[in-house]
Structure formats: structure tokens, C-alpha cells
Number of protein chains: 4
Amino acid sequence: MKQPDLATEIDMSGRMTIALEEIEACREFVVLIPEVRTNMVFAQPHAKTPDEVMAIDGRITKVNGMPRAAGKVRFGASSHMARLIIELMKTDPSVRAGIDFANSAGFSDWLSDYCIQQGWVYAMIDRRTEPAELMIAEGSSMQWKAQEAVRVAGGSVPKIICDAGGMGKEPVCIIVGKEPIGIVRDVCVIARAHSRRF
Amino acid sequence: MKQPDLATEIDMSGRMTIALEEIEACREFVVLIPEVRTNMVFAQPHAKTPDEVMAIDGRITKVNGMPRAAGKVRFGASSHMARLIIELMKTDPSVRAGIDFANSAGFSDWLSDYCIQQGWVYAMIDRRTEPAELMIAEGSSMQWKAQEAVRVAGGSVPKIICDAGGMGKEPVCIIVGKEPIGIVRDVCVIARAHSRRF
Amino acid sequence: MKQPDLATEIDMSGRMTIALEEIEACREFVVLIPEVRTNMVFAQPHAKTPDEVMAIDGRITKVNGMPRAAGKVRFGASSHMARLIIELMKTDPSVRAGIDFANSAGFSDWLSDYCIQQGWVYAMIDRRTEPAELMIAEGSSMQWKAQEAVRVAGGSVPKIICDAGGMGKEPVCIIVGKEPIGIVRDVCVIARAHSRRF
Amino acid sequence: MKQPDLATEIDMSGRMTIALEEIEACREFVVLIPEVRTNMVFAQPHAKTPDEVMAIDGRITKVNGMPRAAGKVRFGASSHMARLIIELMKTDPSVRAGIDFANSAGFSDWLSDYCIQQGWVYAMIDRRTEPAELMIAEGSSMQWKAQEAVRVAGGSVPKIICDAGGMGKEPVCIIVGKEPIGIVRDVCVIARAHSRRF
């Protein structure tokens with residue numbers, strides 16, 4: 001693991017702390033927390049391994065009807081989401097942050113329309129097209145998912161990636177960006193717009 | 001919701017608190033925490049609805065390499081696991097507690113053998129046989145799962161119930177019993193035996 | 001340390017958990033949390049040492065404008081309050097629980113009147129009468145305080161004990177009783193009556 | 001309250017988060033946590049009121065034998081320490097951070113010697129010289145304490161300020177500096193040196 005310099009660590013820690021406060025204060029996000037819970041990641045520049053990526057230890061869950069981090073922000077607290085971001089950074093090194101959320105029945109159709117309105121690039125990927133040998137190799141799934149998302153988006157990293165789940169895999173969406181405060185604000189905008197649908 | 005009397009509430013609260021301390025101290029349990037996280041439930045006698053069932057708010061997740069409750073023990077903090085226990089109580093009202101854990105690839109074969117050694121009744125259910133209309137109706141899935149487990153076990157409530165997952169559903173196992181301290185001790189015995197496999 | 005039997009531990013754990021929930025929900029108690037913070041203790045029957053007394057690890061502090069336990073309920077988490085209860089139990093073995101709170105300027109006069117209305121035995125002790133050699137010996141202070149309270153109350157354990165502080169010692173009051181749920185309900189009644197004074 | 005701009009908030013939040021992690025990892029600091037608990041403050045530039053000062057909600061207490069924040073870092077979470085820093089900033093606007101710790105019997109003599117070795121400016125103030133009318137006026141005490149420390153140090157802000165307590169007031173020391181990571185590192189150095197005394 002490459003240690004970030006203190007200035008980078010202060011910037012990353014500050015942004016993750018503020019982003020976490022904002023998501024914990026976004027009541028409408030609760031219905032978008034998947035069964036597998038939400039994680040939020042922020043990679044240091046040029047991160048190559050999950051221990052160079054900050055995340056929420058124990059993920060973000062629902063407590064007392066509000067989003068709540070189970071543990072603290074720390075390097076190495078994510079494996080799946082961290083690997084996805086690291087793979088996306090190979091296409092666009094400026095995309096260092098991501099947060100995932102539930103893709104319940106009917107949600108991705110609404111979200112796809114919403115993204116068009118907002119001018120956000122949206123990619124839907126189909127995990128059924130994932131080669132079986134990748135599913136077995138630990139970590140390869142996330143690599144495939146990132147590459148497939150870039151392929152579907154025409155060669156660049158899309159802002160939002162959704163999948164429809166698979167055998168034993170809950171369907172989820174991910175929003176990515178340069179740093180966590182911005183994506184948390186966007187995902188809370190999505191959560192509020194979605195809550196007003198009804 | 002029927003309020004329990006103070007003596008029942010003290011007994012339930014004390015048992016859940018002690019059981020939670022024991023599971024949080026069982027390092028080997030970490031690898032058995034599923035992606036959807038673990039919950040532990042304890043129903044008041046004759047419970048009919050989830051708000052008459054104590055559970056862990058935010059479920060039990062993994063923090064700092066150890067199992068950790070995200071929130072507190074409170075009535076109404078579970079819906080899936082609570083409904084499963086309520087349904088099992090229709091067959092055996094003494095079975096008031098349960099905790100769920102991961103059923104990763106190959107695990108259930110080992111667990112099935114282990115249960116035979118211990119003399120524990122084990123039931124494997126196949127969610128692919130679940131009628132499609134039940135999957136859609138909120139809550140019906142757990143009702144079906146409980147009934148199927150009792151059917152597979154020959155009419156009584158088995159100690160351990162596993163399923164192999166399904167589309168968008170992670171495979172999990174559940175251990176049930178009269179109260180939570182006993183089942184937590186059993187599940188930690190399972191976790192330790194499983195960790196020594198390698 | 002003498003281990004309590006499981007039934008006693010369940011009873012103690014259940015009562016402490018419920019008492020803690022109630023004090024954490026009592027908003028008016030916040031102004032009665034002293035600078036040294038509040039602790040709540042519950043001794044197992046015939047406790048002789050602090051590790052046979054349950055208390056709140058890290059004490060109860062003020063977070064987000066509400067009382068909040070810093071850590072968990074566990075045996076051995078108090079030294080001062082635990083020793084006070086152990087000493088009081090020599091006079092009355094049924095008095096196993098206590099919680100302390102601030103004695104700010106003017107408060108003890110009001111509290112003394114309030115106790116008369118409620119028919120509660122109240123004892124004010126003067127730490128300036130504490131022999132200097134006891135202040136130095138670790139733990140002797142609490143022993144003296146308990147004995148002085150019993151003396152002032154005429155030979156039995158009073159329900160409420162206040163002192164006026166001393167050099168380097170913040171003034172505090174303590175309410176004691178058979179078990180923690182009862183004393184927490186009483187101290188919240190006091191906090192609410194006190195908040196209506198203004 | 002003046003809102004800091006986002007860059008300042010990220011910097012402050014990042015430094016407070018890292019400083020808090022470091023103090024929570026400093027086992028030797030536990031014996032320096034006073035009965036009134038420790039707080040750590042970080043004022044935004046030109047702060048005039050406590051709600052422009054970040055602090056630890058509920059202070060830092062001792063849990064499981066280690067220092068532990070009771071709540072989160074947030075603006076407005078301190079009143080005493082915040083007012084002290086605001087007053088010191090009138091003499092030196094670059095001194096924006098502080099953390100307090102216990103001044104137990106004999107400690108300040110050792111600390112005074114230790115500060116000489118380190119070349120740190122140390123000021124001992126005597127609260128018995130505080131005018132009685134200030135003690136009564138809410139907040140005036142901290143103002144007096146800051147001014148007295150600057151006076152004792154010969155007109156500039158000393159690095160370390162100790163007092164010997166007073167009636168109802170526990171003796172404490174405070175270390176101040178430009179930002180919290182540096183002062184936490186210094187206070188942990190003090191705690192470790194102090195622990196090796198024996």
C-alpha cells in the first residue's frame with residue numbers, strides 16, 4: 001500500500017466525513033439502501049489496491065429510520081466497490097469516488113428517464129452476459145462490471161451504472177464522480193426525486 | 001402491538017443483550033456474515049406482528065474485523081426474520097429466537113454433515129420451488145419459507161434451515177431456538193468448527 | 001470477582017438496558033448531567049468489589065442535546081459510584097442501584113423541598129468535614145461519603161444524597177434504590193419537575 | 001454564525017478526523033483524561049462564537065481502556081474550551097486548536113520540567129486569583145483564564161496552560177496550537193513520556 005501524503009489524507013478525510021454527514025442526514029435515501037447495504041468509496045490518486053481506497057467500515061445501514069454508518073471511514077474498508085473504482089480509474093483517473101444503492105423492481109426504468117432529464121450518462125449492464133469463469137475468480141466480477149459499463153457507455157466512464165442482479169446477487173446501481181461530496185449530493189437529489197414519484 | 005409485561009421485557013432485553021455481546025466477541029463468525037448482514041430476532045410469547053419481535057436495528061455487520069451491531073436491540077427492528085419466526089411459531093410456539101448467516105458455496109454440504117454429527121435437525125429448502133405469485137406479495141416469501149422448512153423436516157420446526165438463494169437473493173441459513181443466548185452459542189460453535197476446516 | 005449465575009446476569013442486564021433506554025429518552029435530564037458526567041451502577045447481590053457492579057463504560061454524556069451512553073453496560077465500568085453502592089449495601093443490602101447527577105448552585109435547596117413533598121429521605125453531606133487523610137487514600141472518600149450519608153439520615157440509607165463539592169470536586173447528587181429502572185424513572189421525574197421551575 | 005467556505009470546512013473536518021483517530025489510538029492518554037472528560041476544539045479563522053468552533057460532541061471519554069469520542073465532530077459542540085480558544089485568538093489569531101487533559105497531584109511539576117526540556121512555553125495560572133464576580137458571570141471565567149495565561153507568559157499565547165482547580169473545579173491543563181493534528185501528536189508524546197516516569 002502506498003501511503004498518501006498528509007495533505008491528500010486531510011483532503012480525503014475531510015471530504016468523506018462531510019459526505020457521510022450529508023448522506024446520514026438524507027432521510028429519503030433510506031429506501032435506496034439495498035439489502036447488502038450501501039458503501040461509499042474514495043480512492044487516493046492512482047490507487048492500485050483496495051487498501052488505497054477509503055470506505056465506510058461495516059457499510060451504511062438503516063438505523064432508527066435514517067442512513068447510518070456502522071463504523072468509521074478508513075482505508076481498506078471496502079473490497080467490491082473499491083475494486084470497481086480502481087478498474088474504472090484505468091479508463092478515467094479522475095473518477096475516484098462512488099456510492100451504491102438499491103435497484104428495486106421498476107426503479108431503473110425511472111432512473112434511466114431521470115438521468116436523461118439531468119443529462120447524466122447512464123449505463124445498464126446485464127450480469128447474465130458475464131462469462132461464468134469470471135464469476136468464480138474472486139474480484140474478477142467487479143473488473144468485468146467496470147469494463148462492461150465503459151463498453152455500454154461508448155468508451156468513457158458513465159455517471160450511473162445499474163445492473164439487474166443475478167443468481168444470489170441483488171440488483172444495485174452505482175453513482176461515480178471525482179469526489180464524494182458531489183456524488184452524495186447527487187444521490188440525495190435522486191432519492192428525493194424518487195420519493196416524490198408517488 | 002401487544003406490549004409485553006415488564007418481567008417479560010426484562011428477560012427478553014437481558015437475553016438479547018448477553019447474546020449480542022457473545023456474538024460480537026465471536027471472531028470466527030465474521031466470515032459467516034452474509035452480504036445482506038445478519039439479524040437476530042427474539043419474539044415475545046404469542047407474537048403476531050414484527051413489532052412484537054425484538055431485533056438488532058441496522059443488523060449485525062463487520063467492523064474492524066469483528067461482528068458489530070449497527071444499532072440497538074429494539075422491538076420492530078426486523079421484518080424478514082421477524083416474519084419467519086412468527087410463522088414458525090404457528091408450528092412450535094416455543095421457537096421464539098433466530099439468527100441468520102451466510103450460506104456460501106460448499107458451506108451447506110459441510111453444515112449438513114456437521115448437523116448430523118451434532119444430532120441437529122437440518123432442512124434444506126429450494127426457493128426455486130416457491131410459487132411465483134408469493135415472491136411478489138410482500139412478506140409471503142417468509143411465510144412460504146417457514147412452511148416449506150417444516151414440511152421438509154417432517155412436520156416439526158428444524159433447528160437449522162438453509163436455502164440456496166435465487167434470482168437477486170443471496171443464499172442464507174438460519175438457526176432457531178427457544179431464546180437467543182443458546183442459538184448464539186450454537187452458531188459460534190458452528191463458526192469455530194467451520195474455521196478449523198481449513 | 002464472583003461471577004453471577006445466568007439468571008441474575010439476565011435480570012441485571014435486562015434492567016440496565018431498559019433503564020439506559022429510558023434515561024437516553026429523558027431530554028430534561030441533560031441539564032442534570034454534571035461536568036464529570038453521569039454513571040449508573042447496579043451491583044450483583046452481596047457485591048464486594050467494583051468488578052461485581054455493572055455500570056456504563058465511559059459514563060453517560062450529552063450528545064446532540066440528549067443523554068447518551070458513551071459505551072456499553074458492563075461489569076467493572078465504574079469505580080467511584082461502584083464503591084459508594086458497595087459501602088451503602090453494608091447498611092442495606094437491598095440498595096443495589098444508583099445514578100448521579102449535577103448539584104448546581106441553588107439546586108439542592110429546591111431538591112430538598114421536592115424530596116419532602118415526595119416523602120423521599122434526603123441527606124446533604126458536607127465534604128469539608130471529611131478527614132484529610134481519607135481524601136488521599138484512593139477509594140476511602142466514597143466509603144466516608146456513604147457512611148456520612150447514613151449517619152445524616154439517622155442510620156438508614158437515604159434515597160437521595162447530595163454534597164456541595166470541595167476543592168477540585170464538582171458538587172453532585174445521587175439517587176439510590178433496589179434496581180435501576182425505578183431510580184431512572186424517579187430521576188427523570190425530578191428532571192422534569194426541575195425543568196418546570198422556570 | 002459565519003459559515004466557513006467548503007475548502008475551509010474540508011480542511012477542518014479532515015484535520016479533526018485524523019486528530020481524533022490519533023488520540024483514540026493513544027492508549028497512554030487514558031490516564032490524562034480528567035473526570036470532566038477531554039474536549040478538542042478547532043476554530044475557523046476569525047471565529048467569534050462557539051458555533052464557529054468545531055469540537056467533539058459529548059467530549060472524549062474512556063471506553064474499554066482507550067480514549068473514545070462520545071459523539072461526532074461538529075461545530076458548536078464545545079462551550080468552555082471554545083470560549084478559551086476564541087479569547088486566545090485575540091492575542092494570536094494563528095492559535096486555533098486546543099485539547100485539555102487532567103492535572104492530577106504532582107503532574108504539573110513534572111510537566112513544567114518536561115516543557116522546559118522541550119522548549120515549550122508553559123504557564124501555570126492560579127484560579128484563586130480570579131475575581132469572584134467573573135466566576136458567576138457565565139463564560140467570563142474562560143475569558144479571564146485566557147487573559148491570565150497570556151499575562152503569565154509575558155504577553156504571548158503559551159503552548160501549555162495549567163491551573164490547580166478551585167472550589168468545585170477540577171484542575172486541568174490545555175495544549176494549544178495552529179491545528180489539531182500537531183497538538184494531538186504533542187499531547188500523546190507527553191502522555192507517553194509521563195507513562196514512562198514510573
# chains A, B, ... in the order shown; residues from 1 in each chain; ligands from 1
>>> closest_atom_pairs(of="chain B", to="chain C", cutoff="8 Å", atoms="only C-alpha atoms", output="tab-separated table")
residue	atom	partner	partner_atom	distance
B:Glu9	CA	C:Gly14	CA	7.6
B:Ile10	CA	C:Gly14	CA	4.4
B:Asp11	CA	C:Gly14	CA	6.0
B:Met12	CA	C:Gly14	CA	7.1
B:Ser13	CA	C:Gly14	CA	4.6
B:Gly14	CA	C:Gly14	CA	3.5
B:Arg15	CA	C:Ile10	CA	5.7
B:Thr17	CA	C:Ser13	CA	6.8
B:Ile18	CA	C:Ile10	CA	7.3
>>> write_last_selection(atoms="all heavy atoms", output="compact mmCIF listing (two decimals), in the first residue's frame")
# COMPACT_ATOMS: atom_id res chain seq x y z
N GLU B 9 -40.24 -8.19 29.38
CA GLU B 9 -39.35 -7.27 28.69
C GLU B 9 -37.93 -7.33 29.28
O GLU B 9 -36.95 -7.30 28.55
CB GLU B 9 -39.90 -5.84 28.76
CG GLU B 9 -39.21 -4.93 27.75
CD GLU B 9 -39.72 -3.49 27.81
OE1 GLU B 9 -40.80 -3.25 28.40
OE2 GLU B 9 -39.02 -2.62 27.27
N ILE B 10 -37.83 -7.40 30.62
CA ILE B 10 -36.52 -7.51 31.27
C ILE B 10 -35.82 -8.79 30.83
O ILE B 10 -34.65 -8.79 30.46
CB ILE B 10 -36.66 -7.46 32.81
CG1 ILE B 10 -37.08 -6.05 33.25
CG2 ILE B 10 -35.36 -7.89 33.51
CD1 ILE B 10 -37.53 -5.96 34.71
N ASP B 11 -36.57 -9.90 30.83
CA ASP B 11 -35.98 -11.18 30.42
C ASP B 11 -35.52 -11.13 28.97
O ASP B 11 -34.40 -11.54 28.64
CB ASP B 11 -37.02 -12.31 30.61
CG ASP B 11 -36.50 -13.65 30.15
OD1 ASP B 11 -35.67 -14.24 30.89
OD2 ASP B 11 -36.87 -14.11 29.05
N MET B 12 -36.35 -10.58 28.08
CA MET B 12 -36.00 -10.54 26.66
C MET B 12 -34.81 -9.62 26.42
O MET B 12 -33.88 -9.94 25.66
CB MET B 12 -37.21 -10.07 25.82
CG MET B 12 -38.33 -11.11 25.75
SD MET B 12 -39.77 -10.51 24.79
CE MET B 12 -39.05 -10.45 23.13
N SER B 13 -34.86 -8.44 27.05
CA SER B 13 -33.81 -7.45 26.88
C SER B 13 -32.48 -8.00 27.42
O SER B 13 -31.43 -7.84 26.79
CB SER B 13 -34.22 -6.20 27.66
OG SER B 13 -33.65 -5.08 27.11
N GLY B 14 -32.52 -8.65 28.57
CA GLY B 14 -31.30 -9.21 29.15
C GLY B 14 -30.72 -10.30 28.27
O GLY B 14 -29.51 -10.33 28.01
N ARG B 15 -31.57 -11.20 27.79
CA ARG B 15 -31.07 -12.29 26.93
C ARG B 15 -30.53 -11.75 25.61
O ARG B 15 -29.49 -12.22 25.10
CB ARG B 15 -32.18 -13.32 26.67
CG ARG B 15 -32.51 -14.16 27.90
CD ARG B 15 -33.62 -15.18 27.62
NE ARG B 15 -34.03 -15.86 28.83
CZ ARG B 15 -33.41 -16.90 29.37
NH1 ARG B 15 -32.35 -17.42 28.77
NH2 ARG B 15 -33.84 -17.45 30.49
N THR B 17 -29.26 -8.77 25.03
CA THR B 17 -28.03 -8.02 25.30
C THR B 17 -26.85 -8.98 25.49
O THR B 17 -25.77 -8.78 24.92
CB THR B 17 -28.22 -7.13 26.54
OG1 THR B 17 -29.30 -6.23 26.29
CG2 THR B 17 -26.96 -6.32 26.85
N ILE B 18 -27.06 -10.03 26.26
CA ILE B 18 -26.00 -11.01 26.50
C ILE B 18 -25.66 -11.76 25.20
O ILE B 18 -24.49 -11.96 24.87
CB ILE B 18 -26.39 -11.97 27.64
CG1 ILE B 18 -26.46 -11.20 28.97
CG2 ILE B 18 -25.40 -13.14 27.75
CD1 ILE B 18 -27.10 -11.97 30.12
>>> residues_around(residues="region 58-66 of chain B", least_positions_apart="5", cutoff="8 Å", atoms="only C-alpha atoms", output="PDB file with N, CA, C and O atoms, in the first residue's frame")
ATOM      1  N   ASP A  57     -16.307   1.491   7.126  1.00  0.00           N
ATOM      2  CA  ASP A  57     -16.165   0.180   7.764  1.00  0.00           C
ATOM      3  C   ASP A  57     -17.551  -0.313   8.223  1.00  0.00           C
ATOM      4  O   ASP A  57     -18.225   0.353   8.998  1.00  0.00           O
ATOM      5  N   GLY A  58     -17.977  -1.466   7.709  1.00  0.00           N
ATOM      6  CA  GLY A  58     -19.292  -2.008   8.077  1.00  0.00           C
ATOM      7  C   GLY A  58     -20.429  -1.468   7.234  1.00  0.00           C
ATOM      8  O   GLY A  58     -21.576  -1.825   7.436  1.00  0.00           O
ATOM      9  N   ARG A  59     -20.085  -0.623   6.260  1.00  0.00           N
ATOM     10  CA  ARG A  59     -21.067  -0.036   5.322  1.00  0.00           C
ATOM     11  C   ARG A  59     -22.073   0.905   6.008  1.00  0.00           C
ATOM     12  O   ARG A  59     -22.022   1.103   7.219  1.00  0.00           O
ATOM     13  N   THR A  61     -25.936   1.539   6.904  1.00  0.00           N
ATOM     14  CA  THR A  61     -27.144   0.757   7.064  1.00  0.00           C
ATOM     15  C   THR A  61     -28.272   1.687   7.513  1.00  0.00           C
ATOM     16  O   THR A  61     -28.132   2.907   7.482  1.00  0.00           O
ATOM     17  N   LYS A  62     -29.402   1.114   7.876  1.00  0.00           N
ATOM     18  CA  LYS A  62     -30.561   1.905   8.292  1.00  0.00           C
ATOM     19  C   LYS A  62     -30.767   1.694   9.781  1.00  0.00           C
ATOM     20  O   LYS A  62     -30.986   0.572  10.227  1.00  0.00           O
ATOM     21  N   VAL A  63     -30.663   2.779  10.542  1.00  0.00           N
ATOM     22  CA  VAL A  63     -30.872   2.703  11.983  1.00  0.00           C
ATOM     23  C   VAL A  63     -31.842   3.817  12.366  1.00  0.00           C
ATOM     24  O   VAL A  63     -31.650   4.971  11.955  1.00  0.00           O
ATOM     25  N   ALA A  70     -22.081   2.114   9.936  1.00  0.00           N
ATOM     26  CA  ALA A  70     -21.878   1.136  11.013  1.00  0.00           C
ATOM     27  C   ALA A  70     -20.552   1.390  11.715  1.00  0.00           C
ATOM     28  O   ALA A  70     -20.441   1.207  12.917  1.00  0.00           O
ATOM     29  N   GLY A  71     -19.529   1.797  10.969  1.00  0.00           N
ATOM     30  CA  GLY A  71     -18.221   2.048  11.564  1.00  0.00           C
ATOM     31  C   GLY A  71     -17.657   3.354  11.030  1.00  0.00           C
ATOM     32  O   GLY A  71     -18.412   4.233  10.614  1.00  0.00           O
TER      33      GLY A  71
ATOM     34  N   GLU B  24     -20.775 -10.591  19.250  1.00  0.00           N
ATOM     35  CA  GLU B  24     -19.777  -9.559  18.934  1.00  0.00           C
ATOM     36  C   GLU B  24     -18.363  -9.992  19.357  1.00  0.00           C
ATOM     37  O   GLU B  24     -17.378  -9.463  18.858  1.00  0.00           O
ATOM     38  N   ALA B  25     -18.282 -10.953  20.268  1.00  0.00           N
ATOM     39  CA  ALA B  25     -16.978 -11.439  20.725  1.00  0.00           C
ATOM     40  C   ALA B  25     -16.527 -12.689  19.960  1.00  0.00           C
ATOM     41  O   ALA B  25     -15.441 -13.209  20.191  1.00  0.00           O
ATOM     42  N   CYS B  26     -17.353 -13.181  19.027  1.00  0.00           N
ATOM     43  CA  CYS B  26     -17.034 -14.421  18.300  1.00  0.00           C
ATOM     44  C   CYS B  26     -16.382 -14.075  16.960  1.00  0.00           C
ATOM     45  O   CYS B  26     -17.054 -13.911  15.942  1.00  0.00           O
ATOM     46  N   ARG B  27     -15.069 -13.972  16.971  1.00  0.00           N
ATOM     47  CA  ARG B  27     -14.317 -13.548  15.784  1.00  0.00           C
ATOM     48  C   ARG B  27     -14.599 -14.429  14.568  1.00  0.00           C
ATOM     49  O   ARG B  27     -14.730 -13.950  13.442  1.00  0.00           O
ATOM     50  N   VAL B  30     -17.357 -13.778  11.801  1.00  0.00           N
ATOM     51  CA  VAL B  30     -17.245 -12.747  10.763  1.00  0.00           C
ATOM     52  C   VAL B  30     -17.407 -13.312   9.354  1.00  0.00           C
ATOM     53  O   VAL B  30     -18.097 -12.724   8.513  1.00  0.00           O
ATOM     54  N   ILE B  33     -20.999 -13.817   8.171  1.00  0.00           N
ATOM     55  CA  ILE B  33     -21.932 -12.690   7.985  1.00  0.00           C
ATOM     56  C   ILE B  33     -22.195 -12.531   6.491  1.00  0.00           C
ATOM     57  O   ILE B  33     -21.263 -12.327   5.715  1.00  0.00           O
ATOM     58  N   ARG B  37     -26.049  -8.959   5.599  1.00  0.00           N
ATOM     59  CA  ARG B  37     -25.837  -8.799   7.038  1.00  0.00           C
ATOM     60  C   ARG B  37     -26.746  -9.743   7.842  1.00  0.00           C
ATOM     61  O   ARG B  37     -27.738 -10.237   7.359  1.00  0.00           O
ATOM     62  N   THR B  38     -26.355  -9.928   9.088  1.00  0.00           N
ATOM     63  CA  THR B  38     -27.040 -10.852   9.989  1.00  0.00           C
ATOM     64  C   THR B  38     -28.059 -10.111  10.844  1.00  0.00           C
ATOM     65  O   THR B  38     -27.793  -9.005  11.288  1.00  0.00           O
ATOM     66  N   ASN B  39     -29.199 -10.725  11.073  1.00  0.00           N
ATOM     67  CA  ASN B  39     -30.049 -10.205  12.137  1.00  0.00           C
ATOM     68  C   ASN B  39     -30.337 -11.312  13.145  1.00  0.00           C
ATOM     69  O   ASN B  39     -30.154 -12.497  12.852  1.00  0.00           O
ATOM     70  N   MET B  40     -30.699 -10.914  14.324  1.00  0.00           N
ATOM     71  CA  MET B  40     -31.029 -11.847  15.401  1.00  0.00           C
ATOM     72  C   MET B  40     -32.372 -11.391  15.930  1.00  0.00           C
ATOM     73  O   MET B  40     -32.552 -10.197  16.192  1.00  0.00           O
ATOM     74  N   GLY B  71     -26.919  -0.887  15.299  1.00  0.00           N
ATOM     75  CA  GLY B  71     -27.748  -0.086  16.194  1.00  0.00           C
ATOM     76  C   GLY B  71     -28.084  -0.877  17.443  1.00  0.00           C
ATOM     77  O   GLY B  71     -27.367  -1.804  17.814  1.00  0.00           O
ATOM     78  N   ALA B  77     -37.390  -4.054  14.845  1.00  0.00           N
ATOM     79  CA  ALA B  77     -36.208  -3.735  14.028  1.00  0.00           C
ATOM     80  C   ALA B  77     -35.961  -4.762  12.921  1.00  0.00           C
ATOM     81  O   ALA B  77     -34.973  -4.662  12.204  1.00  0.00           O
TER      82      ALA B  77
END
>>> residues_around(residues="Arg192 (chain C)", least_positions_apart="5", cutoff="10 Å", atoms="only C-alpha atoms", output="count of residues only")
7
>>> closest_residue(among="B:Pro4, B:Gly119, B:Pro158, B:Pro93", to="Cys173 (chain B)", atoms="only C-alpha atoms")
B:Pro158
>>> atom_distance(atom1="CA of Ala164 (chain C)", atom2="CA of Val172 (chain D)")
20.2 Å
>>> residues_around(residues="region 80-83 of chain C", least_positions_apart="3", cutoff="10 Å", atoms="only C-alpha atoms", output="number ranges by chain")
C: 38-43, 47-55, 75-77, 86-89, 96-100, 138-143, 146, 174
>>> decode(residues="region 13-109 of chain B", atoms="C-alpha atoms", output="CSV table (one decimal), in the first residue's frame")
chain,number,residue,atom,x,y,z
B,13,SER,CA,-33.8,-7.5,26.9
B,14,GLY,CA,-31.3,-9.2,29.1
B,15,ARG,CA,-31.1,-12.3,26.9
B,16,MET,CA,-30.7,-10.2,23.7
B,17,THR,CA,-28.0,-8.0,25.3
B,18,ILE,CA,-26.0,-11.0,26.5
B,19,ALA,CA,-26.5,-12.9,23.2
B,20,LEU,CA,-25.3,-9.8,21.3
B,21,GLU,CA,-22.2,-9.4,23.4
B,22,GLU,CA,-21.4,-13.1,22.8
B,23,ILE,CA,-21.8,-12.8,19.0
B,24,GLU,CA,-19.8,-9.6,18.9
B,25,ALA,CA,-17.0,-11.4,20.7
B,26,CYS,CA,-17.0,-14.4,18.3
B,27,ARG,CA,-14.3,-13.5,15.8
B,28,GLU,CA,-14.9,-16.7,13.7
B,29,PHE,CA,-18.5,-15.6,13.0
B,30,VAL,CA,-17.2,-12.7,10.8
B,31,VAL,CA,-16.8,-15.0,7.7
B,32,LEU,CA,-20.4,-16.2,8.2
B,33,ILE,CA,-21.9,-12.7,8.0
B,34,PRO,CA,-23.7,-12.6,4.6
B,35,GLU,CA,-23.7,-9.6,2.3
B,36,VAL,CA,-27.2,-8.8,3.4
B,37,ARG,CA,-25.8,-8.8,7.0
B,38,THR,CA,-27.0,-10.9,10.0
B,39,ASN,CA,-30.0,-10.2,12.1
B,40,MET,CA,-31.0,-11.8,15.4
B,41,VAL,CA,-34.7,-11.9,16.5
B,42,PHE,CA,-36.5,-12.8,19.7
B,43,ALA,CA,-40.3,-12.8,19.6
B,44,GLN,CA,-42.4,-12.1,22.7
B,45,PRO,CA,-44.7,-15.1,23.5
B,46,HIS,CA,-47.5,-15.4,21.0
B,47,ALA,CA,-46.1,-12.7,18.8
B,48,LYS,CA,-48.3,-12.0,15.8
B,49,THR,CA,-46.6,-9.0,14.1
B,50,PRO,CA,-42.9,-7.9,13.6
B,51,ASP,CA,-43.3,-5.1,16.2
B,52,GLU,CA,-43.7,-7.8,18.8
B,53,VAL,CA,-40.3,-9.2,17.9
B,54,MET,CA,-37.0,-7.8,19.2
B,55,ALA,CA,-34.1,-7.5,16.7
B,56,ILE,CA,-31.0,-5.5,16.0
B,57,ASP,CA,-31.6,-2.1,14.5
B,58,GLY,CA,-29.5,-1.9,11.3
B,59,ARG,CA,-28.5,-5.6,11.7
B,60,ILE,CA,-25.1,-7.0,12.7
B,61,THR,CA,-22.2,-6.1,10.3
B,62,LYS,CA,-18.5,-6.5,10.2
B,63,VAL,CA,-16.4,-3.6,11.7
B,64,ASN,CA,-12.7,-3.7,12.4
B,65,GLY,CA,-12.7,-7.4,11.6
B,66,MET,CA,-15.3,-8.3,14.2
B,67,PRO,CA,-19.1,-8.7,14.2
B,68,ARG,CA,-20.8,-5.5,15.4
B,69,ALA,CA,-24.4,-4.4,15.8
B,70,ALA,CA,-25.1,-1.3,13.8
B,71,GLY,CA,-27.7,-0.1,16.2
B,72,LYS,CA,-29.6,-1.2,19.3
B,73,VAL,CA,-31.8,-4.0,20.3
B,74,ARG,CA,-35.4,-2.9,19.8
B,75,PHE,CA,-38.9,-4.2,19.0
B,76,GLY,CA,-39.8,-3.9,15.4
B,77,ALA,CA,-36.2,-3.7,14.0
B,78,SER,CA,-36.7,-6.7,11.7
B,79,SER,CA,-39.2,-7.5,9.1
B,80,HIS,CA,-38.0,-10.6,7.1
B,81,MET,CA,-36.5,-12.6,10.1
B,82,ALA,CA,-39.4,-11.5,12.3
B,83,ARG,CA,-42.0,-12.8,9.9
B,84,LEU,CA,-40.1,-16.1,9.6
B,85,ILE,CA,-40.1,-16.6,13.3
B,86,ILE,CA,-43.8,-15.7,13.7
B,87,GLU,CA,-44.6,-18.2,11.0
B,88,LEU,CA,-42.5,-21.0,12.6
B,89,MET,CA,-44.2,-20.2,16.0
B,90,LYS,CA,-47.5,-21.4,14.4
B,91,THR,CA,-46.0,-24.9,14.4
B,92,ASP,CA,-44.0,-24.6,17.6
B,93,PRO,CA,-44.7,-21.7,19.9
B,94,SER,CA,-41.6,-22.4,21.9
B,95,VAL,CA,-39.3,-21.5,19.0
B,96,ARG,CA,-39.0,-17.7,19.6
B,97,ALA,CA,-35.4,-16.9,18.5
B,98,GLY,CA,-33.4,-17.0,15.4
B,99,ILE,CA,-30.2,-15.7,13.8
B,100,ASP,CA,-29.2,-15.9,10.1
B,101,PHE,CA,-25.8,-16.4,8.5
B,102,ALA,CA,-24.2,-16.8,5.1
B,103,ASN,CA,-24.5,-20.0,3.0
B,104,SER,CA,-21.6,-19.7,0.7
B,105,ALA,CA,-20.6,-22.2,-2.0
B,106,GLY,CA,-20.0,-25.6,-0.5
B,107,PHE,CA,-20.9,-24.5,3.0
B,108,SER,CA,-24.3,-26.2,3.3
B,109,ASP,CA,-22.8,-29.6,2.4
